Amino acid sequence: MFKQVLLDFANVPRPILHLIGAVFFIQLIDASLFILFNFYLEKLGFIDSQMAELMAYKYAAIVLFAFPLGLYIKGKKLLYFFRVASISTPSLMLLMLTSLHYGYYDIAEVLMFVFGVSSIFIKVTALPFIILNTPKPKHSEALTLYFQIFSATAFFAGISNYVLNSISASFFTEETVLWIFACLGYCSVYFTFKINLVENISNPIPLKAIFRSYDWRKIGYATFPTLLIAIGAGLTIPFINLFFLNVHGIDSKSFSLFGAMSFVLVVLVMFFVPKIRRKYGYNVVINGFQVLAVVALFVMASTEWYQHYKWASMIAIVAFLVRQPLMQVASPAISEMTLYYVGKKNQEMIAALNASIWSGSWFFSSLIFAFLRKQQIAYVNIFMLTVILYFVATIVYYRLIKAFKQNEAQAEPEILPHSSF
């Protein structure tokens, strides 16, 4: 069975594989930020609220520019955006690390903002590019590979930091490892320039016609549960490493190892997502896994209530390892279902809005987290807000999947264009 699964993924078109290779090295920078950046900032003397405020600049940039970019790219070739991102993203990361090293924190905030702008050149464009330039029977595999990158880079970043820190903790500090990953980001240039195809592009929509040319009701319905999940995730995901550090005393080296282990599980489970989706449907892949993930998050967060017991940290780690694959595996199925639900003409717009929603929610969530931590609100109470939002989102996804099935029953799904490879 596993051999057949690998064969299915091997048939994804080569240009899409090159894009995924480029995304891997660009996303590696974001993965290193997730795993190491807060630990690095703490050593520079930043407190929780200051860390959240710095990261908020990145999310603010994406909020401001993702939607306009989504309008702009309609009917345009997307390959050039990948190439710009492959050069600008690692360059901006290196400049930001330099500014932090020398204490130019105001400049670092500006660079974090511009870094966020650079990141949307691939965050907004990748999904429409994949859908437009992949044969429809391979959409599930292509989207799954794309979302596996986020887990694969987190694994690579985590295990690399653990190994390097074990070799020499004094030399391979968080700052040094962040520099290494930023430099590795330039490998994405090779892959973006290897992408060679005659692009399928969407039909252009004049700017003056945007309000009547898009199905805003469908787009709004499809993005609402994403908004709920994004707000909840923004209160939790960027700060899980702080939770383990300040509640359970787990440092960056140990967290890197646990993070790497969790993302191995994600990658392995994701290989089977297309087959599970085709056999059991979207409800099992999306709602079933997400409910279990929310339960695991509840268990992880609740360990702060009994952190004085030695075994509490072990329960938190196990719950963290269980939560990661369960929550992540739903992402490609959600993207596939919502892209089909809104229809071909709305796909660039929903990709742009999803990028805006995630970053906008994380922007406001970071500010909320900073405020709550200033008020000495416990991590567990903040994380429980995420649990509530996730459960509400699951209910909305159930209704959205029901609406999608009704649409599918009334008419054959739209066959999207694809190239011959």
# chains A, B, ... in the order shown; residues from 1 in each chain; ligands from 1
call {"tool": "closest_atom_pairs", "arguments": {"of": "segment 208-275 of chain A", "to": "segment 397-403 of chain A", "cutoff": "8 Å", "atoms": "only C-alpha atoms", "output": "Markdown table"}}
result
| residue | atom | partner | partner_atom | distance |
| --- | --- | --- | --- | --- |
| A:Tyr221 | CA | A:Leu400 | CA | 7.4 |
| A:Ala222 | CA | A:Leu400 | CA | 7.0 |
| A:Pro225 | CA | A:Tyr397 | CA | 6.4 |
call {"tool": "residues_around", "arguments": {"residues": "segment 188-203 of chain A", "least_positions_apart": "2", "cutoff": "8 Å", "atoms": "only C-alpha atoms", "output": "ChimeraX atom specification"}}
result
/A:15-16,18-19,21-26,74-77,79,82-83,86-87,132-133,185-186,205,345,417-419
call {"tool": "write_last_selection", "arguments": {"atoms": "C-alpha atoms", "output": "JSON list (two decimals), in the first residue's frame"}}
result
[["chain", "number", "residue", "atom", "x", "y", "z"],
["A", 15, "PRO", "CA", 7.47, 21.87, -12.42],
["A", 16, "ILE", "CA", 5.30, 21.47, -9.32],
["A", 18, "HIS", "CA", 10.52, 22.23, -8.44],
["A", 19, "LEU", "CA", 8.12, 24.74, -6.88],
["A", 21, "GLY", "CA", 11.64, 22.40, -3.62],
["A", 22, "ALA", "CA", 11.78, 26.20, -3.70],
["A", 23, "VAL", "CA", 9.08, 26.47, -1.04],
["A", 24, "PHE", "CA", 11.06, 24.05, 1.16],
["A", 25, "PHE", "CA", 14.09, 26.34, 1.39],
["A", 26, "ILE", "CA", 12.02, 29.51, 1.78],
["A", 74, "LYS", "CA", -5.49, 37.54, -11.49],
["A", 75, "GLY", "CA", -4.71, 36.73, -15.13],
["A", 76, "LYS", "CA", -0.93, 37.09, -14.69],
["A", 77, "LYS", "CA", 2.00, 34.68, -14.74],
["A", 79, "LEU", "CA", 6.54, 32.27, -11.81],
["A", 82, "PHE", "CA", 8.50, 32.89, -6.90],
["A", 83, "ARG", "CA", 11.85, 34.12, -8.19],
["A", 86, "SER", "CA", 13.62, 33.23, -3.47],
["A", 87, "ILE", "CA", 16.09, 36.13, -3.50],
["A", 132, "LEU", "CA", -3.90, 25.75, -12.51],
["A", 133, "ASN", "CA", -0.86, 23.75, -13.61],
["A", 185, "GLY", "CA", 17.18, 29.91, 1.88],
["A", 186, "TYR", "CA", 19.17, 30.95, -1.19],
["A", 205, "ILE", "CA", -10.78, 40.57, -13.97],
["A", 345, "LYS", "CA", -12.68, 32.22, -10.94],
["A", 417, "PRO", "CA", -7.25, 23.51, -16.98],
["A", 418, "HIS", "CA", -3.94, 21.75, -16.89],
["A", 419, "SER", "CA", -0.86, 21.45, -19.00]]
call {"tool": "residues_around", "arguments": {"residues": "Phe34 of chain A", "least_positions_apart": "6", "cutoff": "9 Å", "atoms": "only C-alpha atoms", "output": "VMD selection string"}}
result
chain A and resid 154 237 to 239 241
call {"tool": "closest_residue", "arguments": {"among": "A:Ser361, A:Gln347, A:Thr236, A:Ser331", "to": "Ile286 of chain A", "atoms": "only C-alpha atoms"}}
result
A:Ser331
call {"tool": "residues_around", "arguments": {"residues": "Leu95 of chain A", "least_positions_apart": "3", "cutoff": "12 Å", "atoms": "only C-alpha atoms", "output": "compact mmCIF listing (two decimals) with C-alpha atoms, in the first residue's frame"}}
result
# COMPACT_ATOMS: atom_id res chain seq x y z
CA SER A 88 14.46 38.68 -1.20
CA THR A 89 13.31 36.44 1.66
CA PRO A 90 16.73 35.08 2.78
CA SER A 91 18.33 38.49 2.18
CA LEU A 92 15.85 40.23 4.47
CA THR A 98 22.32 41.64 11.69
CA SER A 99 20.17 44.46 13.07
CA LEU A 100 19.23 42.44 16.15
CA HIS A 101 22.85 41.43 16.72
CA TYR A 102 23.98 45.06 16.83
CA TYR A 104 19.22 48.22 16.09
CA TYR A 105 15.79 47.06 17.19
CA ILE A 107 15.49 48.76 12.09
CA ALA A 108 14.74 45.10 12.89
CA GLU A 109 11.04 45.97 13.17
CA VAL A 110 11.09 47.59 9.72
CA LEU A 111 12.93 44.63 8.25
CA MET A 112 10.45 42.21 9.86
CA VAL A 114 9.40 44.01 4.72
CA PHE A 115 10.18 40.32 5.32
CA LEU A 178 19.28 31.11 12.37
CA TRP A 179 22.07 32.50 10.17
CA ALA A 182 18.80 32.06 6.30
CA CYS A 183 21.75 31.25 4.02
call {"tool": "residues_around", "arguments": {"residues": "segment 378-392 of chain A", "least_positions_apart": "2", "cutoff": "7 Å", "atoms": "only C-alpha atoms", "output": "PDB file with C-alpha atoms, in the first residue's frame"}}
result
ATOM      1  CA  LEU A 228     -11.679  31.117  13.572  1.00  0.00           C
ATOM      2  CA  ILE A 229      -8.829  28.622  13.366  1.00  0.00           C
ATOM      3  CA  GLY A 232      -6.979  30.484  17.754  1.00  0.00           C
ATOM      4  CA  ALA A 233      -3.703  29.317  16.230  1.00  0.00           C
ATOM      5  CA  LEU A 235      -2.804  32.702  20.290  1.00  0.00           C
ATOM      6  CA  THR A 236      -0.985  29.391  20.622  1.00  0.00           C
ATOM      7  CA  PHE A 243       4.960  27.509  27.154  1.00  0.00           C
ATOM      8  CA  VAL A 294      -8.342  19.938  19.906  1.00  0.00           C
ATOM      9  CA  PHE A 298      -6.637  20.788  25.794  1.00  0.00           C
ATOM     10  CA  ALA A 301      -2.449  23.205  27.983  1.00  0.00           C
ATOM     11  CA  SER A 302      -4.023  21.749  31.125  1.00  0.00           C
ATOM     12  CA  GLU A 304       0.060  23.992  33.605  1.00  0.00           C
ATOM     13  CA  GLN A 376       0.018  37.852  33.979  1.00  0.00           C
ATOM     14  CA  THR A 394     -15.205  22.385  13.315  1.00  0.00           C
ATOM     15  CA  ILE A 395     -18.977  22.932  13.437  1.00  0.00           C
ATOM     16  CA  VAL A 396     -18.745  25.498  10.629  1.00  0.00           C
TER      17      VAL A 396
END
call {"tool": "closest_residue", "arguments": {"among": "A:Leu33, A:Leu321, A:Leu257, A:Ile122", "to": "Ile62 of chain A", "atoms": "only C-alpha atoms"}}
result
A:Ile122
call {"tool": "closest_residue", "arguments": {"among": "A:Pro135, A:Ser170, A:Phe147, A:His248", "to": "Trp311 of chain A", "atoms": "only C-alpha atoms"}}
result
A:His248
call {"tool": "atom_distance", "arguments": {"atom1": "atom CA of Arg14 of chain A", "atom2": "atom CA of Phe81 of chain A"}}
result
18.6 Å
call {"tool": "closest_residue", "arguments": {"among": "A:Asn246, A:Glu175, A:Ser32, A:Asp215", "to": "Leu97 of chain A", "atoms": "only C-alpha atoms"}}
result
A:Glu175
call {"tool": "select_by_dssp", "arguments": {"residues": "segment 60-259 of chain A", "states": "helix (DSSP H, G or I)", "output": "ChimeraX atom specification"}}
result
/A:60-72,79-101,105-123,126-132,136-167,174-184,187-194,207-213,216-248,252-259
call {"tool": "atom_distance", "arguments": {"atom1": "atom CA of Ala370 of chain A", "atom2": "atom CA of Tyr40 of chain A"}}
result
17.6 Å
call {"tool": "residues_around", "arguments": {"residues": "Met261 of chain A", "least_positions_apart": "5", "cutoff": "10 Å", "atoms": "only C-alpha atoms", "output": "mmCIF file with all heavy atoms, in the first residue's frame"}}
result
data_model
loop_
_atom_site.group_PDB
_atom_site.id
_atom_site.type_symbol
_atom_site.label_atom_id
_atom_site.label_comp_id
_atom_site.auth_asym_id
_atom_site.auth_seq_id
_atom_site.Cartn_x
_atom_site.Cartn_y
_atom_site.Cartn_z
ATOM 1 N N ALA A 154 10.044 22.086 9.417
ATOM 2 C CA ALA A 154 10.098 22.151 10.880
ATOM 3 C C ALA A 154 10.916 20.984 11.439
ATOM 4 O O ALA A 154 11.690 21.155 12.391
ATOM 5 C CB ALA A 154 8.691 22.137 11.461
ATOM 6 N N PHE A 155 10.757 19.796 10.832
ATOM 7 C CA PHE A 155 11.572 18.654 11.257
ATOM 8 C C PHE A 155 13.048 18.925 10.997
ATOM 9 O O PHE A 155 13.898 18.728 11.869
ATOM 10 C CB PHE A 155 11.142 17.392 10.514
ATOM 11 C CG PHE A 155 12.144 16.276 10.608
ATOM 12 C CD1 PHE A 155 12.281 15.548 11.776
ATOM 13 C CD2 PHE A 155 12.970 15.962 9.535
ATOM 14 C CE1 PHE A 155 13.224 14.530 11.875
ATOM 15 C CE2 PHE A 155 13.908 14.945 9.619
ATOM 16 C CZ PHE A 155 14.034 14.231 10.800
ATOM 17 N N GLY A 158 14.386 21.581 13.333
ATOM 18 C CA GLY A 158 14.471 21.103 14.717
ATOM 19 C C GLY A 158 15.606 20.112 14.931
ATOM 20 O O GLY A 158 16.398 20.258 15.865
ATOM 21 N N ILE A 159 15.703 19.118 14.063
ATOM 22 C CA ILE A 159 16.736 18.095 14.252
ATOM 23 C C ILE A 159 18.116 18.668 13.980
ATOM 24 O O ILE A 159 19.101 18.292 14.630
ATOM 25 C CB ILE A 159 16.446 16.863 13.366
ATOM 26 C CG1 ILE A 159 17.132 15.615 13.937
ATOM 27 C CG2 ILE A 159 16.854 17.090 11.931
ATOM 28 C CD1 ILE A 159 16.554 15.126 15.225
ATOM 29 N N PHE A 255 13.343 21.260 22.908
ATOM 30 C CA PHE A 255 12.139 21.556 22.138
ATOM 31 C C PHE A 255 12.352 21.273 20.652
ATOM 32 O O PHE A 255 11.446 20.809 19.965
ATOM 33 C CB PHE A 255 11.725 23.017 22.345
ATOM 34 C CG PHE A 255 10.464 23.381 21.614
ATOM 35 C CD1 PHE A 255 9.222 23.012 22.113
ATOM 36 C CD2 PHE A 255 10.512 24.086 20.420
ATOM 37 C CE1 PHE A 255 8.056 23.335 21.430
ATOM 38 C CE2 PHE A 255 9.356 24.415 19.735
ATOM 39 C CZ PHE A 255 8.126 24.041 20.245
ATOM 40 N N SER A 256 13.557 21.545 20.158
ATOM 41 C CA SER A 256 13.873 21.257 18.764
ATOM 42 C C SER A 256 13.709 19.776 18.465
ATOM 43 O O SER A 256 13.183 19.382 17.419
ATOM 44 C CB SER A 256 15.301 21.701 18.433
ATOM 45 O OG SER A 256 15.437 23.088 18.552
ATOM 46 N N VAL A 266 3.791 14.063 11.284
ATOM 47 C CA VAL A 266 2.947 14.802 10.343
ATOM 48 C C VAL A 266 3.205 14.337 8.914
ATOM 49 O O VAL A 266 2.277 14.059 8.149
ATOM 50 C CB VAL A 266 3.194 16.322 10.465
ATOM 51 C CG1 VAL A 266 2.434 17.064 9.369
ATOM 52 C CG2 VAL A 266 2.780 16.822 11.837
ATOM 53 N N LEU A 321 2.977 15.989 20.685
ATOM 54 C CA LEU A 321 3.329 15.090 19.584
ATOM 55 C C LEU A 321 2.087 14.527 18.894
ATOM 56 O O LEU A 321 2.088 14.299 17.679
ATOM 57 C CB LEU A 321 4.199 13.943 20.107
ATOM 58 C CG LEU A 321 5.602 14.313 20.608
ATOM 59 C CD1 LEU A 321 6.304 13.095 21.191
ATOM 60 C CD2 LEU A 321 6.438 14.900 19.476
ATOM 61 N N GLN A 324 0.114 17.652 16.755
ATOM 62 C CA GLN A 324 0.693 18.185 15.524
ATOM 63 C C GLN A 324 0.215 17.466 14.259
ATOM 64 O O GLN A 324 -0.306 18.105 13.350
ATOM 65 C CB GLN A 324 2.222 18.145 15.606
ATOM 66 C CG GLN A 324 2.823 19.129 16.595
ATOM 67 C CD GLN A 324 2.514 20.572 16.245
ATOM 68 O OE1 GLN A 324 1.632 21.190 16.801
ATOM 69 N NE2 GLN A 324 3.242 21.104 15.284
#
call {"tool": "residues_around", "arguments": {"residues": "segment 271-281 of chain A", "least_positions_apart": "2", "cutoff": "7 Å", "atoms": "only C-alpha atoms", "output": "PDB file with N, CA, C and O atoms, in the first residue's frame"}}
result
ATOM      1  N   VAL A   5       1.211   4.444  -2.671  1.00  0.00           N
ATOM      2  CA  VAL A   5       1.093   5.842  -2.243  1.00  0.00           C
ATOM      3  C   VAL A   5       2.264   6.655  -2.776  1.00  0.00           C
ATOM      4  O   VAL A   5       2.101   7.763  -3.303  1.00  0.00           O
ATOM      5  N   SER A 140      -4.934  16.370  -5.255  1.00  0.00           N
ATOM      6  CA  SER A 140      -4.787  15.947  -3.848  1.00  0.00           C
ATOM      7  C   SER A 140      -3.324  15.694  -3.507  1.00  0.00           C
ATOM      8  O   SER A 140      -2.825  16.130  -2.463  1.00  0.00           O
ATOM      9  N   GLU A 141      -2.626  14.961  -4.395  1.00  0.00           N
ATOM     10  CA  GLU A 141      -1.212  14.660  -4.129  1.00  0.00           C
ATOM     11  C   GLU A 141      -0.365  15.931  -4.148  1.00  0.00           C
ATOM     12  O   GLU A 141       0.511  16.114  -3.295  1.00  0.00           O
ATOM     13  N   VAL A 267       4.479  14.278   8.530  1.00  0.00           N
ATOM     14  CA  VAL A 267       4.843  13.907   7.159  1.00  0.00           C
ATOM     15  C   VAL A 267       4.355  12.496   6.834  1.00  0.00           C
ATOM     16  O   VAL A 267       3.792  12.238   5.768  1.00  0.00           O
ATOM     17  N   LEU A 268       4.549  11.567   7.761  1.00  0.00           N
ATOM     18  CA  LEU A 268       4.138  10.184   7.521  1.00  0.00           C
ATOM     19  C   LEU A 268       2.630  10.066   7.355  1.00  0.00           C
ATOM     20  O   LEU A 268       2.141   9.383   6.444  1.00  0.00           O
ATOM     21  N   VAL A 269       1.889  10.737   8.238  1.00  0.00           N
ATOM     22  CA  VAL A 269       0.426  10.657   8.164  1.00  0.00           C
ATOM     23  C   VAL A 269      -0.080  11.327   6.897  1.00  0.00           C
ATOM     24  O   VAL A 269      -1.012  10.834   6.245  1.00  0.00           O
ATOM     25  N   ASN A 283     -15.284  14.942   5.693  1.00  0.00           N
ATOM     26  CA  ASN A 283     -15.649  15.061   7.103  1.00  0.00           C
ATOM     27  C   ASN A 283     -14.677  14.328   8.019  1.00  0.00           C
ATOM     28  O   ASN A 283     -14.311  14.826   9.090  1.00  0.00           O
ATOM     29  N   VAL A 284     -14.260  13.141   7.600  1.00  0.00           N
ATOM     30  CA  VAL A 284     -13.320  12.370   8.417  1.00  0.00           C
ATOM     31  C   VAL A 284     -11.958  13.052   8.456  1.00  0.00           C
ATOM     32  O   VAL A 284     -11.364  13.236   9.521  1.00  0.00           O
ATOM     33  N   VAL A 285     -11.456  13.458   7.282  1.00  0.00           N
ATOM     34  CA  VAL A 285     -10.119  14.047   7.204  1.00  0.00           C
ATOM     35  C   VAL A 285     -10.066  15.410   7.902  1.00  0.00           C
ATOM     36  O   VAL A 285      -9.093  15.720   8.592  1.00  0.00           O
ATOM     37  N   VAL A 329      -2.774  17.451   9.180  1.00  0.00           N
ATOM     38  CA  VAL A 329      -3.200  16.636   8.035  1.00  0.00           C
ATOM     39  C   VAL A 329      -4.471  17.164   7.396  1.00  0.00           C
ATOM     40  O   VAL A 329      -4.771  16.864   6.231  1.00  0.00           O
TER      41      VAL A 329
END
call {"tool": "closest_residue", "arguments": {"among": "A:Tyr72, A:Leu17, A:Val117, A:Val299", "to": "Tyr57 of chain A", "atoms": "only C-alpha atoms"}}
result
A:Val117
call {"tool": "closest_residue", "arguments": {"among": "A:Gly45, A:Pro128, A:Gly103, A:Gly70", "to": "Gly343 of chain A", "atoms": "only C-alpha atoms"}}
result
A:Pro128
call {"tool": "decode", "arguments": {"residues": "segment 383-397 of chain A", "atoms": "N, CA and C atoms", "output": "short mmCIF file (atom, residue, chain, number, x, y, z; two decimals), in the first residue's frame"}}
result
data_model
loop_
_atom_site.label_atom_id
_atom_site.label_comp_id
_atom_site.auth_asym_id
_atom_site.auth_seq_id
_atom_site.Cartn_x
_atom_site.Cartn_y
_atom_site.Cartn_z
N PHE A 383 -4.50 29.45 25.98
CA PHE A 383 -4.64 28.31 25.07
C PHE A 383 -6.06 27.77 25.04
N MET A 384 -6.79 27.91 26.15
CA MET A 384 -8.18 27.43 26.18
C MET A 384 -9.08 28.24 25.25
N LEU A 385 -8.72 29.50 25.01
CA LEU A 385 -9.44 30.29 24.01
C LEU A 385 -9.30 29.65 22.63
N THR A 386 -8.10 29.14 22.35
CA THR A 386 -7.87 28.43 21.08
C THR A 386 -8.74 27.19 20.99
N VAL A 387 -8.84 26.44 22.07
CA VAL A 387 -9.67 25.24 22.09
C VAL A 387 -11.12 25.57 21.71
N ILE A 388 -11.66 26.63 22.29
CA ILE A 388 -13.05 27.02 22.02
C ILE A 388 -13.22 27.41 20.55
N LEU A 389 -12.30 28.22 20.04
CA LEU A 389 -12.39 28.67 18.64
C LEU A 389 -12.28 27.50 17.68
N TYR A 390 -11.42 26.52 17.99
CA TYR A 390 -11.27 25.35 17.12
C TYR A 390 -12.56 24.53 17.07
N PHE A 391 -13.21 24.37 18.21
CA PHE A 391 -14.44 23.59 18.22
C PHE A 391 -15.54 24.27 17.40
N VAL A 392 -15.66 25.59 17.53
CA VAL A 392 -16.65 26.32 16.74
C VAL A 392 -16.33 26.18 15.25
N ALA A 393 -15.05 26.28 14.88
CA ALA A 393 -14.64 26.14 13.48
C ALA A 393 -14.99 24.76 12.94
N THR A 394 -14.87 23.74 13.75
CA THR A 394 -15.21 22.38 13.32
C THR A 394 -16.68 22.28 12.95
N ILE A 395 -17.54 22.93 13.73
CA ILE A 395 -18.98 22.93 13.44
C ILE A 395 -19.25 23.63 12.10
N VAL A 396 -18.56 24.76 11.88
CA VAL A 396 -18.75 25.50 10.63
C VAL A 396 -18.25 24.67 9.44
N TYR A 397 -17.10 23.98 9.62
CA TYR A 397 -16.59 23.14 8.53
C TYR A 397 -17.57 22.03 8.20
#
